[in-house]
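A.B. asks: Just coords_22.csv, nothing more (CSV, C-alpha atoms and all ligand atoms):
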```csv
chain,number,residue,atom,x,y,z
A,1,MET,CA,0.0,0.0,0.0
A,2,SER,CA,1.1,3.5,-0.6
A,3,ASN,CA,-0.1,6.5,1.4
A,4,THR,CA,3.1,8.3,1.3
A,5,SER,CA,1.1,11.2,-0.1
A,6,GLU,CA,2.5,14.4,-1.5
A,7,HIS,CA,1.0,16.3,1.4
A,8,HIS,CA,2.9,14.7,4.2
A,9,LYS,CA,6.0,16.8,4.6
A,10,GLN,CA,8.8,15.2,6.6
A,11,VAL,CA,9.5,17.8,9.2
A,12,LEU,CA,9.9,15.7,12.3
A,13,SER,CA,13.2,13.9,12.9
A,14,SER,CA,13.1,10.2,13.7
A,15,ASP,CA,13.9,11.0,17.4
A,16,ASP,CA,10.9,13.4,17.5
A,17,LEU,CA,8.6,10.8,16.0
A,18,ILE,CA,9.8,8.1,18.4
A,19,ALA,CA,9.2,10.6,21.3
A,20,LEU,CA,5.6,11.2,20.0
A,21,PHE,CA,5.1,7.5,19.7
A,22,LYS,CA,6.3,6.8,23.2
A,23,ARG,CA,4.3,9.6,24.7
A,24,SER,CA,1.1,8.3,23.1
A,25,ARG,CA,1.8,4.7,24.2
A,26,LYS,CA,2.4,5.9,27.7
A,27,HIS,CA,-0.7,7.9,27.8
A,28,SER,CA,-2.8,4.8,27.3
A,29,ILE,CA,-1.1,3.1,30.2
A,30,ASP,CA,-1.7,6.3,32.3
A,31,LEU,CA,-5.4,6.0,31.5
A,32,ILE,CA,-5.7,2.7,33.2
A,33,ALA,CA,-3.8,3.6,36.4
A,34,ASN,CA,-7.0,4.0,38.4
A,35,LEU,CA,-8.6,0.9,36.9
A,36,SER,CA,-8.5,-2.7,38.3
A,37,PRO,CA,-8.0,-5.7,36.0
A,38,GLU,CA,-11.8,-6.4,36.5
A,39,ASP,CA,-12.6,-2.8,35.4
A,40,CYS,CA,-10.5,-3.4,32.3
A,41,GLN,CA,-12.2,-6.7,31.4
A,42,ALA,CA,-15.9,-5.9,31.3
A,43,GLN,CA,-17.9,-4.9,28.2
A,44,SER,CA,-21.1,-3.0,29.0
A,45,MET,CA,-22.7,-3.1,25.6
A,46,GLU,CA,-21.9,-4.0,22.0
A,47,ASP,CA,-20.8,-0.5,21.1
A,48,ALA,CA,-18.4,-0.2,24.0
A,49,SER,CA,-15.2,-2.3,24.4
A,50,PRO,CA,-13.3,-3.4,27.4
A,51,ALA,CA,-10.3,-1.2,28.3
A,52,LYS,CA,-8.1,-4.3,27.9
A,53,TRP,CA,-9.4,-4.8,24.4
A,54,HIS,CA,-8.6,-1.1,23.5
A,55,LEU,CA,-5.0,-1.5,24.8
A,56,ALA,CA,-4.6,-4.7,22.8
A,57,HIS,CA,-6.3,-3.5,19.6
A,58,VAL,CA,-4.1,-0.4,19.2
A,59,THR,CA,-1.1,-2.7,19.6
A,60,TRP,CA,-2.5,-5.1,17.1
A,61,PHE,CA,-2.8,-2.1,14.7
A,62,TYR,CA,1.0,-1.5,15.0
A,63,GLU,CA,1.8,-5.2,14.6
A,64,LEU,CA,-0.4,-5.6,11.5
A,65,MET,CA,-0.1,-2.3,9.7
A,66,LEU,CA,3.5,-1.4,10.5
A,67,LEU,CA,5.7,-4.2,11.7
A,68,LYS,CA,4.3,-6.9,9.4
A,69,PRO,CA,5.0,-5.1,6.2
A,70,PHE,CA,8.3,-3.4,7.3
A,71,GLU,CA,10.1,-5.5,9.9
A,72,ASN,CA,12.7,-8.0,8.7
A,73,GLN,CA,11.9,-11.5,9.9
A,74,PHE,CA,8.6,-10.4,11.3
A,75,SER,CA,6.8,-12.9,13.5
A,76,TYR,CA,3.6,-12.5,15.5
A,77,TRP,CA,3.7,-12.3,19.3
A,78,ASN,CA,0.8,-14.7,18.9
A,79,PRO,CA,-0.8,-15.2,15.4
A,80,GLN,CA,-4.3,-15.8,17.0
A,81,PHE,CA,-4.3,-12.2,18.3
A,82,ALA,CA,-4.6,-11.1,14.7
A,83,ILE,CA,-8.2,-12.4,14.9
A,84,LEU,CA,-9.0,-11.6,18.5
A,85,PHE,CA,-8.0,-7.9,18.3
A,86,ASN,CA,-9.1,-7.1,14.7
A,87,SER,CA,-11.9,-4.5,14.9
A,88,TYR,CA,-13.4,-4.2,11.4
A,89,TYR,CA,-10.6,-4.8,8.8
A,90,ASN,CA,-11.9,-7.4,6.3
A,91,GLY,CA,-8.6,-7.0,4.4
A,92,VAL,CA,-6.7,-8.4,7.4
A,93,GLY,CA,-9.0,-11.5,7.9
A,94,ASP,CA,-11.3,-13.0,10.5
A,95,LYS,CA,-12.6,-11.1,13.5
A,96,HIS,CA,-13.7,-12.0,17.0
A,97,PRO,CA,-17.4,-10.9,17.3
A,98,ARG,CA,-17.7,-7.3,18.5
A,99,ASN,CA,-20.4,-8.1,21.1
A,100,LYS,CA,-18.2,-10.7,22.7
A,101,ARG,CA,-15.1,-8.7,23.4
A,102,GLY,CA,-15.8,-8.9,27.2
A,103,LEU,CA,-15.4,-12.7,27.0
A,104,ILE,CA,-11.7,-12.5,26.0
A,105,THR,CA,-10.4,-13.3,29.4
A,106,ARG,CA,-7.2,-14.7,27.8
A,107,PRO,CA,-4.7,-13.2,27.2
A,108,SER,CA,-4.6,-11.7,30.7
A,109,MET,CA,-4.0,-8.0,31.2
A,110,GLU,CA,-0.5,-8.9,32.2
A,111,GLU,CA,0.2,-10.5,28.8
A,112,VAL,CA,-1.4,-7.6,26.9
A,113,LEU,CA,0.9,-5.3,28.8
A,114,ALA,CA,3.9,-7.5,28.0
A,115,TRP,CA,2.8,-7.6,24.3
A,116,ARG,CA,2.6,-3.8,24.3
A,117,LYS,CA,6.1,-3.5,25.6
A,118,ASN,CA,7.4,-5.9,22.9
A,119,ILE,CA,5.7,-4.0,20.1
A,120,ASP,CA,6.9,-0.6,21.5
A,121,LYS,CA,10.5,-1.9,21.4
A,122,ARG,CA,10.2,-3.3,17.9
A,123,VAL,CA,8.5,-0.2,16.5
A,124,THR,CA,11.2,2.0,18.1
A,125,GLU,CA,14.0,-0.2,16.6
A,126,LEU,CA,12.3,-0.2,13.2
A,127,LEU,CA,12.1,3.6,13.2
A,128,ARG,CA,15.7,4.0,14.0
A,129,LYS,CA,16.7,1.8,11.0
A,130,GLU,CA,14.2,2.8,8.4
A,131,SER,CA,12.7,6.2,7.6
A,132,SER,CA,10.7,5.8,4.5
A,133,SER,CA,7.8,8.3,4.2
A,134,GLU,CA,5.3,5.5,4.2
A,135,LEU,CA,6.6,4.1,7.5
A,136,ARG,CA,6.5,7.5,9.0
A,137,TRP,CA,3.0,8.1,7.8
A,138,LEU,CA,1.9,4.7,9.2
A,139,LEU,CA,3.4,5.6,12.5
A,140,LYS,CA,1.5,8.9,12.6
A,141,LEU,CA,-1.7,7.0,11.7
A,142,GLY,CA,-0.9,4.5,14.5
A,143,ILE,CA,-0.6,7.4,17.0
A,144,GLN,CA,-3.8,9.1,15.8
A,145,HIS,CA,-5.6,5.7,16.0
A,146,GLU,CA,-4.4,5.1,19.5
A,147,GLN,CA,-5.6,8.6,20.5
A,148,GLN,CA,-9.1,7.8,19.1
A,149,HIS,CA,-9.1,4.7,21.2
A,150,GLN,CA,-8.0,6.7,24.3
A,151,GLU,CA,-11.2,8.7,24.1
A,152,LEU,CA,-13.2,5.6,23.5
A,153,LEU,CA,-11.6,3.9,26.5
A,154,LEU,CA,-12.8,6.8,28.7
A,155,THR,CA,-16.4,6.9,27.3
A,156,ASP,CA,-16.6,3.1,27.5
A,157,ILE,CA,-15.5,3.1,31.1
A,158,ASN,CA,-18.0,5.9,31.8
A,159,HIS,CA,-20.7,3.7,30.3
A,160,LEU,CA,-19.5,0.6,32.3
A,161,PHE,CA,-19.4,2.5,35.6
A,162,SER,CA,-22.8,4.0,35.0
A,163,HIS,CA,-24.3,0.5,35.6
A,164,ASN,CA,-22.8,0.4,39.1
A,165,SER,CA,-24.8,1.9,41.9
A,166,LEU,CA,-21.6,2.6,43.8
A,167,TYR,CA,-21.2,5.4,41.2
A,168,PRO,CA,-17.5,5.0,41.0
A,169,ALA,CA,-15.5,8.0,40.0
A,170,TYR,CA,-12.8,7.4,37.5
A,171,PHE,CA,-11.1,10.8,38.1
A,172,LEU,CA,-10.2,10.9,41.7
A,173,ASN,CA,-8.9,14.4,42.3
A,174,ASN,CA,-10.4,16.6,39.7
A,175,THR,CA,-13.6,18.5,39.3
A,176,GLU,CA,-15.2,18.6,35.9
A,177,THR,CA,-14.1,21.6,33.8
A,178,CYS,CA,-16.7,21.5,31.1
A,179,SER,CA,-18.8,24.3,32.5
A,180,THR,CA,-19.3,27.5,30.5
A,181,THR,CA,-20.9,30.7,31.5
A,182,ASP,CA,-20.9,32.6,28.3
A,183,GLU,CA,-23.9,34.7,27.4
A,184,PHE,CA,-25.8,33.5,24.4
A,185,HIS,CA,-26.0,35.6,21.2
A,186,TRP,CA,-26.2,35.0,17.5
A,187,ILE,CA,-23.0,35.5,15.4
A,188,LYS,CA,-23.2,36.1,11.7
A,189,GLY,CA,-21.9,32.9,9.9
A,190,VAL,CA,-19.8,32.8,6.8
A,191,SER,CA,-22.0,32.6,3.8
A,192,GLY,CA,-21.5,32.2,0.1
A,193,LEU,CA,-18.8,29.9,-1.2
A,194,VAL,CA,-16.5,28.7,1.5
A,195,ASP,CA,-13.3,26.6,1.5
A,196,ILE,CA,-13.9,23.2,3.1
A,197,GLY,CA,-11.5,20.4,3.9
A,198,TYR,CA,-7.9,20.0,5.0
A,199,LYS,CA,-5.3,22.3,3.4
A,200,GLY,CA,-2.1,21.9,5.4
A,201,ASP,CA,0.9,19.6,5.4
A,202,GLU,CA,0.4,17.7,8.7
A,203,PHE,CA,-1.4,14.4,9.3
A,204,HIS,CA,-5.1,14.3,8.5
A,205,PHE,CA,-7.7,11.7,7.7
A,206,ASP,CA,-8.7,10.8,4.2
A,207,ASN,CA,-12.3,11.9,5.0
A,208,GLU,CA,-11.2,15.5,5.4
A,209,THR,CA,-10.2,15.7,1.7
A,210,PRO,CA,-10.3,16.8,-1.1
A,211,LYS,CA,-10.6,20.4,-0.1
A,212,HIS,CA,-13.4,21.9,-2.1
A,213,SER,CA,-16.0,24.7,-2.1
A,214,ALA,CA,-19.4,24.5,-0.5
A,215,LEU,CA,-22.2,27.0,-0.6
A,216,ASN,CA,-23.4,28.3,2.7
A,217,GLN,CA,-26.7,30.2,2.8
A,218,THR,CA,-26.9,33.4,4.9
A,219,HIS,CA,-27.1,32.2,8.5
A,220,SER,CA,-26.1,32.8,12.1
A,221,ILE,CA,-24.5,30.5,14.6
A,222,GLY,CA,-24.9,30.4,18.4
A,223,SER,CA,-22.1,31.9,20.4
A,224,ARG,CA,-22.1,29.0,22.9
A,225,LEU,CA,-23.2,25.4,23.3
A,226,VAL,CA,-26.7,24.5,24.4
A,227,ASN,CA,-26.5,23.9,28.2
A,228,ASN,CA,-28.1,21.7,30.8
A,229,SER,CA,-30.4,24.4,32.0
A,230,GLU,CA,-31.9,24.8,28.6
A,231,TRP,CA,-32.2,21.0,28.2
A,232,LEU,CA,-34.0,20.8,31.5
A,233,HIS,CA,-36.5,23.4,30.2
A,234,PHE,CA,-37.1,21.1,27.2
A,235,ILE,CA,-37.7,18.2,29.5
A,236,GLU,CA,-40.0,20.1,31.8
A,237,ASP,CA,-42.0,21.4,28.9
A,238,GLY,CA,-42.7,17.8,27.9
A,239,GLY,CA,-40.3,17.8,25.0
A,240,TYR,CA,-39.8,14.0,25.2
A,241,GLN,CA,-43.5,13.4,25.3
A,242,ASP,CA,-44.5,15.5,22.2
A,243,PHE,CA,-44.1,13.8,18.8
A,244,THR,CA,-44.2,17.3,17.2
A,245,TRP,CA,-40.5,17.9,17.7
A,246,TRP,CA,-39.2,14.4,16.7
A,247,LEU,CA,-38.2,12.8,13.5
A,248,ASP,CA,-40.3,9.7,13.0
A,249,GLU,CA,-37.4,7.4,13.5
A,250,GLY,CA,-36.4,9.3,16.7
A,251,TRP,CA,-39.9,9.1,18.0
A,252,THR,CA,-40.0,5.3,17.6
A,253,TRP,CA,-36.5,5.1,19.1
A,254,LEU,CA,-37.3,7.1,22.3
A,255,GLN,CA,-40.6,5.1,22.8
A,256,THR,CA,-38.9,1.7,22.3
A,257,LYS,CA,-36.1,2.6,24.7
A,258,SER,CA,-38.3,4.7,27.1
A,259,ILE,CA,-36.0,7.7,26.8
A,260,ASP,CA,-36.9,10.9,28.6
A,261,SER,CA,-33.6,12.6,29.3
A,262,PRO,CA,-29.9,12.5,28.2
A,263,LEU,CA,-27.9,9.4,29.0
A,264,TYR,CA,-26.5,9.5,32.6
A,265,TRP,CA,-29.1,11.8,34.0
A,266,SER,CA,-31.1,10.7,37.0
A,267,GLN,CA,-33.5,12.1,39.6
A,268,ASP,CA,-33.9,11.4,43.3
A,269,GLU,CA,-37.2,11.3,45.4
A,270,GLU,CA,-36.9,15.0,45.9
A,271,SER,CA,-36.7,15.6,42.2
A,272,LEU,CA,-33.1,16.7,42.4
A,273,ARG,CA,-31.3,16.1,39.1
A,274,TYR,CA,-28.0,14.3,38.9
A,275,ARG,CA,-25.6,13.4,36.2
A,276,PHE,CA,-23.1,10.6,36.2
A,277,SER,CA,-19.7,11.1,34.6
A,278,LEU,CA,-16.1,10.0,35.0
A,279,TYR,CA,-16.1,12.4,38.0
A,280,GLY,CA,-18.8,10.3,39.7
A,281,ARG,CA,-22.4,11.2,40.3
A,282,SER,CA,-23.0,14.9,40.9
A,283,LEU,CA,-25.8,17.5,40.9
A,284,LEU,CA,-26.6,18.6,37.4
A,285,ASP,CA,-24.4,21.6,36.5
A,286,MET,CA,-26.9,24.0,34.8
A,287,HIS,CA,-24.1,26.0,33.0
A,288,ALA,CA,-22.3,22.9,31.6
A,289,PRO,CA,-23.0,22.1,28.0
A,290,VAL,CA,-25.5,19.3,27.6
A,291,SER,CA,-23.8,16.0,26.6
A,292,ASN,CA,-24.6,12.4,25.9
A,293,ILE,CA,-27.5,13.1,23.6
A,294,SER,CA,-28.3,11.4,20.3
A,295,TYR,CA,-28.7,13.1,17.0
A,296,PHE,CA,-32.5,12.5,17.4
A,297,GLU,CA,-32.5,14.5,20.6
A,298,ALA,CA,-30.3,17.3,19.3
A,299,ASP,CA,-32.5,17.7,16.3
A,300,ALA,CA,-35.7,17.6,18.4
A,301,PHE,CA,-34.3,20.2,20.8
A,302,ALA,CA,-33.6,22.6,18.0
A,303,ARG,CA,-37.1,22.3,16.6
A,304,TRP,CA,-38.6,22.7,20.1
A,305,ALA,CA,-36.3,25.7,21.0
A,306,SER,CA,-37.2,27.4,17.7
A,307,LYS,CA,-40.8,27.6,18.7
A,308,ASN,CA,-40.5,27.9,22.5
A,309,ILE,CA,-37.6,30.2,23.3
A,310,SER,CA,-37.8,33.6,21.8
A,311,GLU,CA,-34.1,34.2,21.3
A,312,TYR,CA,-33.9,30.8,19.5
A,313,ALA,CA,-36.6,31.5,17.0
A,314,GLY,CA,-35.7,29.8,13.7
A,315,ALA,CA,-33.1,27.5,15.4
A,316,ARG,CA,-31.8,24.4,13.7
A,317,LEU,CA,-28.6,22.4,13.7
A,318,PRO,CA,-25.7,23.8,11.7
A,319,THR,CA,-24.4,22.0,8.6
A,320,GLU,CA,-20.9,20.8,8.9
A,321,PHE,CA,-19.8,23.4,6.4
A,322,GLU,CA,-21.4,26.2,8.4
A,323,TRP,CA,-19.6,24.8,11.5
A,324,GLU,CA,-16.2,24.6,9.7
A,325,ALA,CA,-16.4,28.1,8.2
A,326,PHE,CA,-17.4,29.5,11.6
A,327,ALA,CA,-14.6,27.6,13.4
A,328,GLU,CA,-12.1,29.1,10.9
A,329,LEU,CA,-13.4,32.5,11.7
A,330,LYS,CA,-13.8,32.2,15.4
A,331,SER,CA,-11.0,29.9,16.3
A,332,LYS,CA,-9.0,32.6,18.1
A,333,SER,CA,-11.9,34.0,20.2
A,334,SER,CA,-14.0,30.9,20.8
A,335,THR,CA,-13.9,29.1,24.1
A,336,ASP,CA,-16.2,26.1,23.3
A,337,MET,CA,-15.7,25.0,19.7
A,338,PHE,CA,-13.3,22.4,21.0
A,339,ASP,CA,-12.6,20.4,24.2
A,340,LYS,CA,-16.1,20.5,25.6
A,341,VAL,CA,-18.5,18.3,23.6
A,342,TRP,CA,-18.6,17.0,20.1
A,343,GLN,CA,-21.3,18.9,18.2
A,344,TRP,CA,-23.9,17.2,16.1
A,345,THR,CA,-24.4,18.8,12.6
A,346,SER,CA,-27.3,18.2,10.2
A,347,SER,CA,-24.8,16.8,7.7
A,348,ASN,CA,-24.8,13.2,6.6
A,349,TYR,CA,-21.4,11.6,6.8
A,350,VAL,CA,-20.8,11.3,3.0
A,351,PRO,CA,-17.6,11.6,0.9
A,352,TYR,CA,-16.4,15.0,-0.2
A,353,PRO,CA,-16.6,15.5,-4.0
A,354,GLY,CA,-13.7,13.4,-5.5
A,355,TYR,CA,-13.0,11.6,-2.3
A,356,VAL,CA,-10.6,8.7,-2.6
A,357,PRO,CA,-10.0,6.4,0.4
A,358,TRP,CA,-6.4,5.6,1.4
A,359,GLN,CA,-5.0,2.7,-0.5
A,360,GLY,CA,-4.5,-0.8,1.0
A,361,VAL,CA,-5.8,-2.0,4.4
A,362,ALA,CA,-5.9,1.6,5.8
A,363,GLY,CA,-8.6,2.3,3.2
A,364,GLU,CA,-11.1,0.6,5.5
A,365,TYR,CA,-10.4,3.2,8.1
A,366,ASN,CA,-13.1,5.8,7.2
A,367,GLY,CA,-14.6,5.4,3.7
A,368,LYS,CA,-16.7,2.2,4.3
A,369,PHE,CA,-18.6,3.9,7.1
A,370,MET,CA,-20.1,6.6,4.9
A,371,VAL,CA,-23.7,5.7,5.2
A,372,ASN,CA,-26.4,6.2,7.8
A,373,GLN,CA,-24.3,8.3,10.1
A,374,MET,CA,-24.2,12.0,10.9
A,375,VAL,CA,-21.1,14.3,11.2
A,376,LEU,CA,-20.0,15.7,14.5
A,377,ARG,CA,-17.5,18.6,14.7
A,378,GLY,CA,-15.1,19.9,17.4
A,379,SER,CA,-13.8,17.7,20.1
A,380,SER,CA,-14.7,16.8,23.7
A,381,CYS,CA,-13.1,17.1,27.1
A,382,TYR,CA,-12.0,13.5,26.7
A,383,THR,CA,-10.4,13.9,23.3
A,384,PRO,CA,-6.6,13.8,23.7
A,385,LYS,CA,-5.0,17.2,23.3
A,386,GLY,CA,-3.9,18.0,19.8
A,387,HIS,CA,-6.0,15.2,18.2
A,388,SER,CA,-8.8,17.2,16.6
A,389,ARG,CA,-8.8,20.2,14.3
A,390,ILE,CA,-11.1,22.5,12.4
A,391,THR,CA,-11.6,20.1,9.4
A,392,TYR,CA,-11.9,16.9,11.6
A,393,ARG,CA,-15.0,14.9,10.9
A,394,ASN,CA,-16.3,12.6,13.6
A,395,PHE,CA,-19.3,10.5,12.9
A,396,PHE,CA,-21.9,8.3,14.7
A,397,PRO,CA,-25.3,6.8,14.0
A,398,THR,CA,-28.4,8.9,14.9
A,399,HIS,CA,-29.1,7.0,18.1
A,400,ALA,CA,-25.6,6.9,19.6
A,401,ARG,CA,-25.2,8.8,22.8
A,402,TRP,CA,-22.5,7.3,24.9
A,403,GLN,CA,-19.9,9.7,23.5
A,404,MET,CA,-19.6,13.3,24.8
A,405,THR,CA,-22.1,14.6,22.2
A,406,GLY,CA,-23.9,17.9,22.4
A,407,LEU,CA,-25.0,20.8,20.2
A,408,ARG,CA,-24.7,24.3,19.1
A,409,LEU,CA,-27.6,26.0,17.3
A,410,ALA,CA,-27.7,27.8,13.9
A,411,LYS,CA,-30.5,29.7,12.1
A,412,ASN,CA,-31.2,31.1,8.7
B,1,FE,FE,-9.4,0.9,15.9
```
Before anything else, please render the file you have as structure tokens.
Ligand SMILES: [Fe+2]

C.D. replies:
Amino acid sequence: MSNTSEHHKQVLSSDDLIALFKRSRKHSIDLIANLSPEDCQAQSMEDASPAKWHLAHVTWFYELMLLKPFENQFSYWNPQFAILFNSYYNGVGDKHPRNKRGLITRPSMEEVLAWRKNIDKRVTELLRKESSSELRWLLKLGIQHEQQHQELLLTDINHLFSHNSLYPAYFLNNTETCSTTDEFHWIKGVSGLVDIGYKGDEFHFDNETPKHSALNQTHSIGSRLVNNSEWLHFIEDGGYQDFTWWLDEGWTWLQTKSIDSPLYWSQDEESLRYRFSLYGRSLLDMHAPVSNISYFEADAFARWASKNISEYAGARLPTEFEWEAFAELKSKSSTDMFDKVWQWTSSNYVPYPGYVPWQGVAGEYNGKFMVNQMVLRGSSCYTPKGHSRITYRNFFPTHARWQMTGLRLAKN
């Protein structure tokens, strides 16, 4: 396979790259410092994976994508791991069923950690010997891939812990920093033809290209994210009980699943509202951006707010192109475009005009998921620093809500 790409300038020395690699590998280990082997073993639902599986799968990625094609006298740590820890790569071969990842009690955590060390050593040695642009690109992909799984590890632990009435806190010494107190106002968006897609020389995903023009109608964008106080208003106004606001599929979804609030919200006998997060269970922070909502909920809220809150008259979700042009404009002054919650857009996750997936096995990374999913922009407080960017396209199905997903409004 060849993804050496014209657009990946070699600016980092091998030592710099090795340092980046080591830092990202260490970060994954740091993430499990407060977790027991039992915590790392359990799988709370099909969409979520055990922490142990995440640690193993990102290691599998390096073994299969980088060492296998490049290492002299390559041999597997264990050839059966190629199946156990394959996520979705048909080009690699068979896969262990996704909904049975929690049943992988062997290898032990201890062996997974030993395997990680072995791969770390071999990748480092390979990088010292060989510096082709393709290898360097694969390493950057491996780092970005591990960062994506670092966020998933956290959201999956959050989901797992949410099923435990001890309300375990993952973060022991911190208080949540998602809160925002900005006043709301509308800001004029960028209309007309706008430049969309990745333009620089650094690593980026294939789904952010080719850069192209998109047409934005005249519109405005909300200065801040929708917060919990506004969401509570939606709930108390019967928003979850009135079909008027809901897409038909969303209405069926909420009735089938008996949904009447964001994921992780609860209420005690005195009607006090709580939210469970990696910081444990705490009283709902009214100024924090709402999170853990599905696309259906974000869309219904916008429709409800448009009719029920005077300053939100005409509100809807932004398109991903409105979001991107706004982020470009506002990136210096904005406090909540990134690092708070991923923001649902009204854009389907489809290829940009002229999109070509990466060649080879890495081509399965993004392109084959371009159906029945919606684009989210920004990043969340669980996204590793430096991972996201203005052109970054996250995507999830319309019902998914175990990620840190929220919204920002737009209007014509
Ligand atoms: Fe993966």

A.B. asks: For ligand FE 1 (chain B), which residue out of A:Gln144, A:Ser223, A:Asn78, A:Gln217 is the nearest one, using all atoms listed in the file?

C.D. replies: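 Nearest to ligand FE 1 (chain B): A:Gln144.
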
A.B. asks: At a cut-off of 12 Å from (-14.0, 6.3, 8.9) in the coordinates of the file, what residues are picked up using only C-alpha atoms, written as number ranges by chain?

C.D. replies: A: 88-89, 145, 148, 204-208, 349-351, 357-358, 362-371, 373-375, 392-396

A.B. asks: Please write the residues from the selection above to a file, keeping C-alpha atoms, as a PDB file, in the coordinates of the input.

C.D. replies:
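To be explicit, this is the file written out as selection_8.pdb:
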```pdb
ATOM      1  CA  TYR A  88     -13.400  -4.200  11.400  1.00  0.00           C
ATOM      2  CA  TYR A  89     -10.600  -4.800   8.800  1.00  0.00           C
ATOM      3  CA  HIS A 145      -5.600   5.700  16.000  1.00  0.00           C
ATOM      4  CA  GLN A 148      -9.100   7.800  19.100  1.00  0.00           C
ATOM      5  CA  HIS A 204      -5.100  14.300   8.500  1.00  0.00           C
ATOM      6  CA  PHE A 205      -7.700  11.700   7.700  1.00  0.00           C
ATOM      7  CA  ASP A 206      -8.700  10.800   4.200  1.00  0.00           C
ATOM      8  CA  ASN A 207     -12.300  11.900   5.000  1.00  0.00           C
ATOM      9  CA  GLU A 208     -11.200  15.500   5.400  1.00  0.00           C
ATOM     10  CA  TYR A 349     -21.400  11.600   6.800  1.00  0.00           C
ATOM     11  CA  VAL A 350     -20.800  11.300   3.000  1.00  0.00           C
ATOM     12  CA  PRO A 351     -17.600  11.600   0.900  1.00  0.00           C
ATOM     13  CA  PRO A 357     -10.000   6.400   0.400  1.00  0.00           C
ATOM     14  CA  TRP A 358      -6.400   5.600   1.400  1.00  0.00           C
ATOM     15  CA  ALA A 362      -5.900   1.600   5.800  1.00  0.00           C
ATOM     16  CA  GLY A 363      -8.600   2.300   3.200  1.00  0.00           C
ATOM     17  CA  GLU A 364     -11.100   0.600   5.500  1.00  0.00           C
ATOM     18  CA  TYR A 365     -10.400   3.200   8.100  1.00  0.00           C
ATOM     19  CA  ASN A 366     -13.100   5.800   7.200  1.00  0.00           C
ATOM     20  CA  GLY A 367     -14.600   5.400   3.700  1.00  0.00           C
ATOM     21  CA  LYS A 368     -16.700   2.200   4.300  1.00  0.00           C
ATOM     22  CA  PHE A 369     -18.600   3.900   7.100  1.00  0.00           C
ATOM     23  CA  MET A 370     -20.100   6.600   4.900  1.00  0.00           C
ATOM     24  CA  VAL A 371     -23.700   5.700   5.200  1.00  0.00           C
ATOM     25  CA  GLN A 373     -24.300   8.300  10.100  1.00  0.00           C
ATOM     26  CA  MET A 374     -24.200  12.000  10.900  1.00  0.00           C
ATOM     27  CA  VAL A 375     -21.100  14.300  11.200  1.00  0.00           C
ATOM     28  CA  TYR A 392     -11.900  16.900  11.600  1.00  0.00           C
ATOM     29  CA  ARG A 393     -15.000  14.900  10.900  1.00  0.00           C
ATOM     30  CA  ASN A 394     -16.300  12.600  13.600  1.00  0.00           C
ATOM     31  CA  PHE A 395     -19.300  10.500  12.900  1.00  0.00           C
ATOM     32  CA  PHE A 396     -21.900   8.300  14.700  1.00  0.00           C
TER      33      PHE A 396
END
```

A.B. asks: Counting all atoms listed in the file, which residue out of A:Gly91, A:Lys188, A:Leu67, A:Leu172 sits closest to Glu125 of chain A?

C.D. replies: A:Leu67

A.B. asks: To one decimal place in Å, what is the distance between atom CA of Asp16 of chain A and atom CA of Leu138 of chain A?

C.D. replies: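 Between these atoms lies a distance of 15.0 Å.
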
A.B. asks: Which residues form the shell of 12 Å around ligand FE 1 (chain B) when you count all atoms listed in the file, given as an NGL selection string?

C.D. replies: :A and (49 or 53-62 or 64-65 or 85-89 or 98 or 141-153 or 362 or 364-366)

A.B. asks: Have a look at atom CA of Leu317 of chain A and atom CA of Thr345 of chain A and let me know their distance in Å, one decimal.

C.D. replies: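 So the two atoms, atom CA of Leu317 of chain A and atom CA of Thr345 of chain A, lie 5.6 Å apart.
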
A.B. asks: Go through A:Ser380, A:Ser13, A:Ser191, A:Ser179 one by one, measure the shortest atom-to-atom distance of each to Asn227 of chain A using all atoms listed in the file, and give the residue with the smallest value.

C.D. replies: A:Ser179

A.B. asks: If you count all atoms listed in the file, which residues fall within 12 Å of Glu324 of chain A, apart from same-chain ones fewer than 5 positions away, as a PyMOL selection string?

C.D. replies: chain A and resi 189-191+194-198+208+213-214+216+221+318-319+329-331+337-338+343+345+347+375-378+389-393

A.B. asks: Need to verify the contact set: Val11 of chain A, 12 Å, all atoms listed in the file, exclusion of same-chain residues closer than 5 positions in sequence. Can you return it as a PyMOL selection string?

C.D. replies: chain A and resi 16-17+133+136-137+201-203

A.B. asks: Quick one: distance from atom CA of Leu127 of chain A to atom CA of Ser14 of chain A in Å, one decimal?

C.D. replies: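 Interatomic distance, atom CA of Leu127 of chain A to atom CA of Ser14 of chain A: 6.7 Å.
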
A.B. asks: Select, from A:Phe276, A:Phe296, A:Trp231, A:Trp323, the residue with the minimum atom-to-atom distance to His399 of chain A, counting all atoms listed in the file.

C.D. replies: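 The shortest atom-to-atom distance to His399 of chain A comes from A:Phe296.
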
A.B. asks: Quick one: everything within 10 Å of Leu407 of chain A, counting all atoms listed in the file, minus sequence neighbours fewer than 3 positions away in the same chain. Send it as a list in words.

C.D. replies: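 Those residues are Gly222, Arg224, Leu225, Val226, Asn227, Pro289, Val290, Ser291, Ile293, Ser294, Tyr295, Glu297, Ala298, Asp299, Phe301, Ala302, Leu317, Pro318, Val341, Trp342, Gln343, Trp344, Thr345, Leu376, Arg377 and Ala410 of chain A.
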
A.B. asks: Point out the residue among A:Asn118, A:Thr335, A:Ser162, A:Gln241 with the least atom-to-atom distance to Glu183 of chain A, counting all atoms listed in the file.

C.D. replies: A:Thr335

A.B. asks: Which of these, A:Ser75, A:Ser379, A:Gly360, A:Gln403, has the shortest distance to Val92 of chain A once you count all atoms listed in the file?

C.D. replies: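 Counting all atoms listed in the file, the residue closest to Val92 of chain A is A:Gly360.
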